[in-house]
Amino acid sequence: MSLTKKTGGKALDILQNLPRITLANLRPEPGSKHAEKKRGRGQHGGNRSGRGHKGERQRGNRPRLGFEGGQTPFYLAIPKYGYNEGHSRRPQYHPLSLKKLQYLIDLGRVDPTQPIDLTQLVNGRGVTIQPLKRDYGVQLVDEGAGIFAAKINIEVQRASEGAIAAIERNGGIITTSFYDPISLDVLCKPVPFFQRGQPIPKRLLPGEDLVPYYADAANRGYLADPESIQQARLALAQKYGYVLPDISKDELYHMLSMRKDVRQIFFGLSPGWVVNMAEKKILKPTDDKLLRYYHF
């Protein structure tokens, strides 16, 4: 005849045989307590108490936070208003010359047969963008405009008039667009973002002070009217004295006509999609609320 064992019987037996817990038999965990090192006992334990020789650090009279040794401190030397107003929030744009862009294309770091944005420029080691240090993208300058000969579709954040003319003279397309810091970080480091398994965020619109720049056709802003941009292209060609090529008859017309949506971060990937790097799949939202959120 088999005897059934009581649940927890062994644990109860151990508790019955253990002594009662009192203040007299409480002890710390072995190894958790160490003997305190004796300090300030002369030759028997050190005569400096571990604080070094002389000075503020040994005597314990260090100055307050913000004291700069008697000179005028930073918070008093910088005026409140005027030239330095808002200096901590002033956006920065790293300059990228046409000479360096042509150099990256010649080395094969940047593929001119695909649309070029910050993802290509950062992966090609052409620029380094740090959104946490107020970097808001790239400014394309016209240094090396005479030697630039590539036909590209490029998206930057700022561009000079000479750089725009040099790209359009070769039959290329340039667009200036705004990225908020979160979208900029995702655009510059897409692989770590995809590995986290998060949905692609939607790009925020520019602030009130940046809307006039990105809505101006002369700057090739992404918020400008396409017809106004075409008129501005013709006007710039007349100003610099070159014939504007007809890209509609070009064999790369499909690539040159590609353009991101106002809320889009990556070419070919819409906001709200999840890129599964392990299974090489793209998951798209189907809920109506999510679709309205990511596309409006």
# chains A, B, ... in the order shown; residues from 1 in each chain; ligands from 1
>>> closest_atom_pairs(of="segment 132-157 of chain A", to="segment 163-180 of chain A", cutoff="8 Å", atoms="only C-alpha atoms", output="CSV")
residue,atom,partner,partner_atom,distance
A:Tyr136,CA,A:Tyr179,CA,7.0
A:Gly137,CA,A:Tyr179,CA,7.8
A:Leu140,CA,A:Ala163,CA,6.5
A:Val141,CA,A:Ala163,CA,5.6
A:Asp142,CA,A:Ala163,CA,4.3
A:Glu143,CA,A:Ala163,CA,7.9
A:Ala145,CA,A:Ala166,CA,5.7
A:Gly146,CA,A:Ala166,CA,7.7
A:Phe148,CA,A:Ala166,CA,7.1
A:Ala149,CA,A:Asn170,CA,6.4
A:Ala150,CA,A:Asn170,CA,6.7
A:Lys151,CA,A:Gly172,CA,4.8
A:Ile152,CA,A:Gly172,CA,4.8
A:Asn153,CA,A:Ile173,CA,4.6
A:Ile154,CA,A:Ile174,CA,5.0
A:Glu155,CA,A:Thr175,CA,4.8
A:Val156,CA,A:Thr176,CA,5.0
A:Gln157,CA,A:Thr176,CA,4.7
>>> write_last_selection(atoms="N, CA, C and O atoms", output="PDB file, in the first residue's frame")
ATOM      1  N   TYR A 136      21.189  69.336 -37.100  1.00  0.00           N
ATOM      2  CA  TYR A 136      19.902  69.175 -37.776  1.00  0.00           C
ATOM      3  C   TYR A 136      20.072  68.731 -39.224  1.00  0.00           C
ATOM      4  O   TYR A 136      19.115  68.768 -39.977  1.00  0.00           O
ATOM      5  N   GLY A 137      21.269  68.300 -39.604  1.00  0.00           N
ATOM      6  CA  GLY A 137      21.439  67.790 -40.947  1.00  0.00           C
ATOM      7  C   GLY A 137      22.655  68.371 -41.647  1.00  0.00           C
ATOM      8  O   GLY A 137      23.666  68.707 -41.013  1.00  0.00           O
ATOM      9  N   LEU A 140      24.517  71.867 -48.118  1.00  0.00           N
ATOM     10  CA  LEU A 140      25.292  71.655 -49.337  1.00  0.00           C
ATOM     11  C   LEU A 140      25.821  72.995 -49.830  1.00  0.00           C
ATOM     12  O   LEU A 140      25.049  73.921 -50.092  1.00  0.00           O
ATOM     13  N   VAL A 141      27.141  73.117 -49.944  1.00  0.00           N
ATOM     14  CA  VAL A 141      27.789  74.356 -50.375  1.00  0.00           C
ATOM     15  C   VAL A 141      28.378  74.142 -51.761  1.00  0.00           C
ATOM     16  O   VAL A 141      28.605  73.010 -52.214  1.00  0.00           O
ATOM     17  N   ASP A 142      28.650  75.255 -52.464  1.00  0.00           N
ATOM     18  CA  ASP A 142      29.035  75.191 -53.872  1.00  0.00           C
ATOM     19  C   ASP A 142      30.541  75.109 -54.099  1.00  0.00           C
ATOM     20  O   ASP A 142      31.000  75.385 -55.217  1.00  0.00           O
ATOM     21  N   GLU A 143      31.311  74.730 -53.119  1.00  0.00           N
ATOM     22  CA  GLU A 143      32.744  74.539 -53.328  1.00  0.00           C
ATOM     23  C   GLU A 143      32.965  73.319 -54.225  1.00  0.00           C
ATOM     24  O   GLU A 143      32.514  72.215 -53.927  1.00  0.00           O
ATOM     25  N   ALA A 145      31.964  73.391 -57.505  1.00  0.00           N
ATOM     26  CA  ALA A 145      30.864  73.330 -58.475  1.00  0.00           C
ATOM     27  C   ALA A 145      31.371  73.145 -59.896  1.00  0.00           C
ATOM     28  O   ALA A 145      30.682  72.567 -60.739  1.00  0.00           O
ATOM     29  N   GLY A 146      32.591  73.613 -60.192  1.00  0.00           N
ATOM     30  CA  GLY A 146      33.114  73.491 -61.546  1.00  0.00           C
ATOM     31  C   GLY A 146      33.506  72.081 -61.932  1.00  0.00           C
ATOM     32  O   GLY A 146      33.540  71.747 -63.122  1.00  0.00           O
ATOM     33  N   PHE A 148      31.995  69.279 -60.492  1.00  0.00           N
ATOM     34  CA  PHE A 148      30.924  68.334 -60.184  1.00  0.00           C
ATOM     35  C   PHE A 148      30.229  67.925 -61.478  1.00  0.00           C
ATOM     36  O   PHE A 148      29.760  68.776 -62.237  1.00  0.00           O
ATOM     37  N   ALA A 149      30.145  66.620 -61.736  1.00  0.00           N
ATOM     38  CA  ALA A 149      29.611  66.133 -63.011  1.00  0.00           C
ATOM     39  C   ALA A 149      28.629  64.985 -62.841  1.00  0.00           C
ATOM     40  O   ALA A 149      28.338  64.293 -63.815  1.00  0.00           O
ATOM     41  N   ALA A 150      28.117  64.745 -61.637  1.00  0.00           N
ATOM     42  CA  ALA A 150      27.226  63.605 -61.413  1.00  0.00           C
ATOM     43  C   ALA A 150      25.768  64.037 -61.567  1.00  0.00           C
ATOM     44  O   ALA A 150      25.401  65.177 -61.277  1.00  0.00           O
ATOM     45  N   LYS A 151      24.967  63.094 -62.038  1.00  0.00           N
ATOM     46  CA  LYS A 151      23.520  63.307 -62.152  1.00  0.00           C
ATOM     47  C   LYS A 151      22.857  62.553 -60.992  1.00  0.00           C
ATOM     48  O   LYS A 151      22.818  61.322 -60.981  1.00  0.00           O
ATOM     49  N   ILE A 152      22.364  63.299 -60.017  1.00  0.00           N
ATOM     50  CA  ILE A 152      21.888  62.675 -58.785  1.00  0.00           C
ATOM     51  C   ILE A 152      20.536  63.251 -58.385  1.00  0.00           C
ATOM     52  O   ILE A 152      20.115  64.304 -58.869  1.00  0.00           O
ATOM     53  N   ASN A 153      19.872  62.539 -57.508  1.00  0.00           N
ATOM     54  CA  ASN A 153      18.660  62.991 -56.827  1.00  0.00           C
ATOM     55  C   ASN A 153      18.993  63.012 -55.347  1.00  0.00           C
ATOM     56  O   ASN A 153      19.065  61.966 -54.701  1.00  0.00           O
ATOM     57  N   ILE A 154      19.255  64.185 -54.809  1.00  0.00           N
ATOM     58  CA  ILE A 154      19.774  64.320 -53.448  1.00  0.00           C
ATOM     59  C   ILE A 154      18.807  65.116 -52.585  1.00  0.00           C
ATOM     60  O   ILE A 154      18.121  66.030 -53.061  1.00  0.00           O
ATOM     61  N   GLU A 155      18.758  64.731 -51.315  1.00  0.00           N
ATOM     62  CA  GLU A 155      17.939  65.431 -50.327  1.00  0.00           C
ATOM     63  C   GLU A 155      18.849  65.890 -49.193  1.00  0.00           C
ATOM     64  O   GLU A 155      19.527  65.076 -48.563  1.00  0.00           O
ATOM     65  N   VAL A 156      18.878  67.193 -48.959  1.00  0.00           N
ATOM     66  CA  VAL A 156      19.664  67.783 -47.877  1.00  0.00           C
ATOM     67  C   VAL A 156      18.755  68.692 -47.066  1.00  0.00           C
ATOM     68  O   VAL A 156      17.564  68.835 -47.361  1.00  0.00           O
ATOM     69  N   GLN A 157      19.329  69.323 -46.049  1.00  0.00           N
ATOM     70  CA  GLN A 157      18.529  70.205 -45.203  1.00  0.00           C
ATOM     71  C   GLN A 157      18.679  71.676 -45.594  1.00  0.00           C
ATOM     72  O   GLN A 157      17.753  72.456 -45.430  1.00  0.00           O
TER      73      GLN A 157
END
>>> select_by_dssp(residues="segment 128-257 of chain A", states="alpha helix (DSSP H)", output="PyMOL selection string")
chain A and resi 161-169+181-188+190-195+211-214+226-240+253-256
>>> write_last_selection(atoms="C-alpha atoms", output="mmCIF file, in the first residue's frame")
data_model
loop_
_atom_site.group_PDB
_atom_site.id
_atom_site.type_symbol
_atom_site.label_atom_id
_atom_site.label_comp_id
_atom_site.auth_asym_id
_atom_site.auth_seq_id
_atom_site.Cartn_x
_atom_site.Cartn_y
_atom_site.Cartn_z
ATOM 1 C CA GLU A 161 22.157 78.801 -54.764
ATOM 2 C CA GLY A 162 25.404 77.822 -56.484
ATOM 3 C CA ALA A 163 25.089 74.214 -55.299
ATOM 4 C CA ILE A 164 21.498 74.009 -56.575
ATOM 5 C CA ALA A 165 22.577 75.376 -59.978
ATOM 6 C CA ALA A 166 25.501 72.912 -60.238
ATOM 7 C CA ILE A 167 23.254 69.901 -59.595
ATOM 8 C CA GLU A 168 20.438 71.004 -61.896
ATOM 9 C CA ARG A 169 22.884 71.892 -64.692
ATOM 10 C CA PRO A 181 15.810 65.146 -33.857
ATOM 11 C CA ILE A 182 14.035 61.795 -33.383
ATOM 12 C CA SER A 183 13.508 61.271 -37.117
ATOM 13 C CA LEU A 184 17.056 62.440 -37.804
ATOM 14 C CA ASP A 185 18.500 59.850 -35.422
ATOM 15 C CA VAL A 186 16.412 57.102 -37.061
ATOM 16 C CA LEU A 187 17.498 58.240 -40.538
ATOM 17 C CA CYS A 188 21.205 58.284 -39.653
ATOM 18 C CA PRO A 190 18.493 52.775 -39.491
ATOM 19 C CA VAL A 191 19.882 49.301 -38.692
ATOM 20 C CA PRO A 192 19.964 49.688 -34.862
ATOM 21 C CA PHE A 193 16.466 51.159 -35.042
ATOM 22 C CA PHE A 194 15.123 48.255 -37.122
ATOM 23 C CA GLN A 195 16.701 45.735 -34.743
ATOM 24 C CA VAL A 211 8.321 77.021 -42.542
ATOM 25 C CA PRO A 212 9.150 80.018 -44.829
ATOM 26 C CA TYR A 213 12.456 78.430 -45.854
ATOM 27 C CA TYR A 214 11.041 74.995 -46.700
ATOM 28 C CA PRO A 226 5.887 71.604 -57.676
ATOM 29 C CA GLU A 227 4.864 74.089 -60.381
ATOM 30 C CA SER A 228 6.621 76.900 -58.532
ATOM 31 C CA ILE A 229 9.739 74.732 -58.252
ATOM 32 C CA GLN A 230 9.750 74.161 -62.022
ATOM 33 C CA GLN A 231 9.509 77.916 -62.651
ATOM 34 C CA ALA A 232 12.343 78.508 -60.163
ATOM 35 C CA ARG A 233 14.471 75.924 -62.001
ATOM 36 C CA LEU A 234 13.997 77.768 -65.289
ATOM 37 C CA ALA A 235 14.748 81.138 -63.664
ATOM 38 C CA LEU A 236 17.961 79.796 -62.101
ATOM 39 C CA ALA A 237 19.063 78.328 -65.449
ATOM 40 C CA GLN A 238 18.613 81.716 -67.110
ATOM 41 C CA LYS A 239 20.511 83.435 -64.323
ATOM 42 C CA TYR A 240 23.548 81.117 -64.532
ATOM 43 C CA TYR A 253 13.709 59.416 -64.837
ATOM 44 C CA HIS A 254 12.110 57.014 -62.349
ATOM 45 C CA MET A 255 14.965 57.527 -59.886
ATOM 46 C CA LEU A 256 15.122 61.290 -60.437
#
>>> atom_distance(atom1="atom CA of Leu101 of chain A", atom2="atom CA of Ser160 of chain A")
14.5 Å
>>> atom_distance(atom1="atom CA of Gln92 of chain A", atom2="atom CA of Val127 of chain A")
13.0 Å
>>> closest_atom_pairs(of="segment 150-221 of chain A", to="segment 270-289 of chain A", cutoff="8 Å", atoms="only C-alpha atoms", output="JSON lines")
{"residue": "A:Phe194", "atom": "CA", "partner": "A:Val275", "partner_atom": "CA", "distance": 5.7}
{"residue": "A:Gln195", "atom": "CA", "partner": "A:Met277", "partner_atom": "CA", "distance": 6.3}
{"residue": "A:Gly197", "atom": "CA", "partner": "A:Val274", "partner_atom": "CA", "distance": 6.4}
{"residue": "A:Gln198", "atom": "CA", "partner": "A:Val274", "partner_atom": "CA", "distance": 6.1}
{"residue": "A:Pro199", "atom": "CA", "partner": "A:Val274", "partner_atom": "CA", "distance": 4.5}
{"residue": "A:Ile200", "atom": "CA", "partner": "A:Pro271", "partner_atom": "CA", "distance": 5.0}
{"residue": "A:Pro201", "atom": "CA", "partner": "A:Pro271", "partner_atom": "CA", "distance": 5.4}
{"residue": "A:Lys202", "atom": "CA", "partner": "A:Pro271", "partner_atom": "CA", "distance": 5.0}
>>> select_by_dssp(residues="segment 211-275 of chain A", states="strand (DSSP E or B)", output="ChimeraX atom specification")
/A:221,266,269,274-275
>>> write_last_selection(atoms="N, CA and C atoms", output="short mmCIF file (atom, residue, chain, number, x, y, z; two decimals), in the first residue's frame")
data_model
loop_
_atom_site.label_atom_id
_atom_site.label_comp_id
_atom_site.auth_asym_id
_atom_site.auth_seq_id
_atom_site.Cartn_x
_atom_site.Cartn_y
_atom_site.Cartn_z
N GLY A 221 12.40 73.75 -51.42
CA GLY A 221 11.82 73.19 -50.21
C GLY A 221 10.80 72.11 -50.51
N PHE A 266 12.12 57.30 -44.73
CA PHE A 266 12.92 56.50 -45.65
C PHE A 266 12.24 56.42 -47.02
N LEU A 269 9.64 53.26 -47.58
CA LEU A 269 9.09 52.77 -46.31
C LEU A 269 8.20 53.85 -45.72
N VAL A 274 6.86 48.17 -39.65
CA VAL A 274 7.87 47.54 -38.80
C VAL A 274 8.74 46.66 -39.68
N VAL A 275 10.04 46.90 -39.67
CA VAL A 275 10.99 46.12 -40.47
C VAL A 275 11.59 45.05 -39.58
#
>>> atom_distance(atom1="atom CA of Arg90 of chain A", atom2="atom CA of Thr119 of chain A")
23.3 Å
>>> closest_residue(among="A:Leu104, A:Leu98, A:Ala215, A:Leu204", to="Gln139 of chain A", atoms="only C-alpha atoms")
A:Leu98
>>> closest_residue(among="A:Asn47, A:Arg20, A:Lys38, A:Asp135", to="Pro95 of chain A", atoms="only C-alpha atoms")
A:Asp135
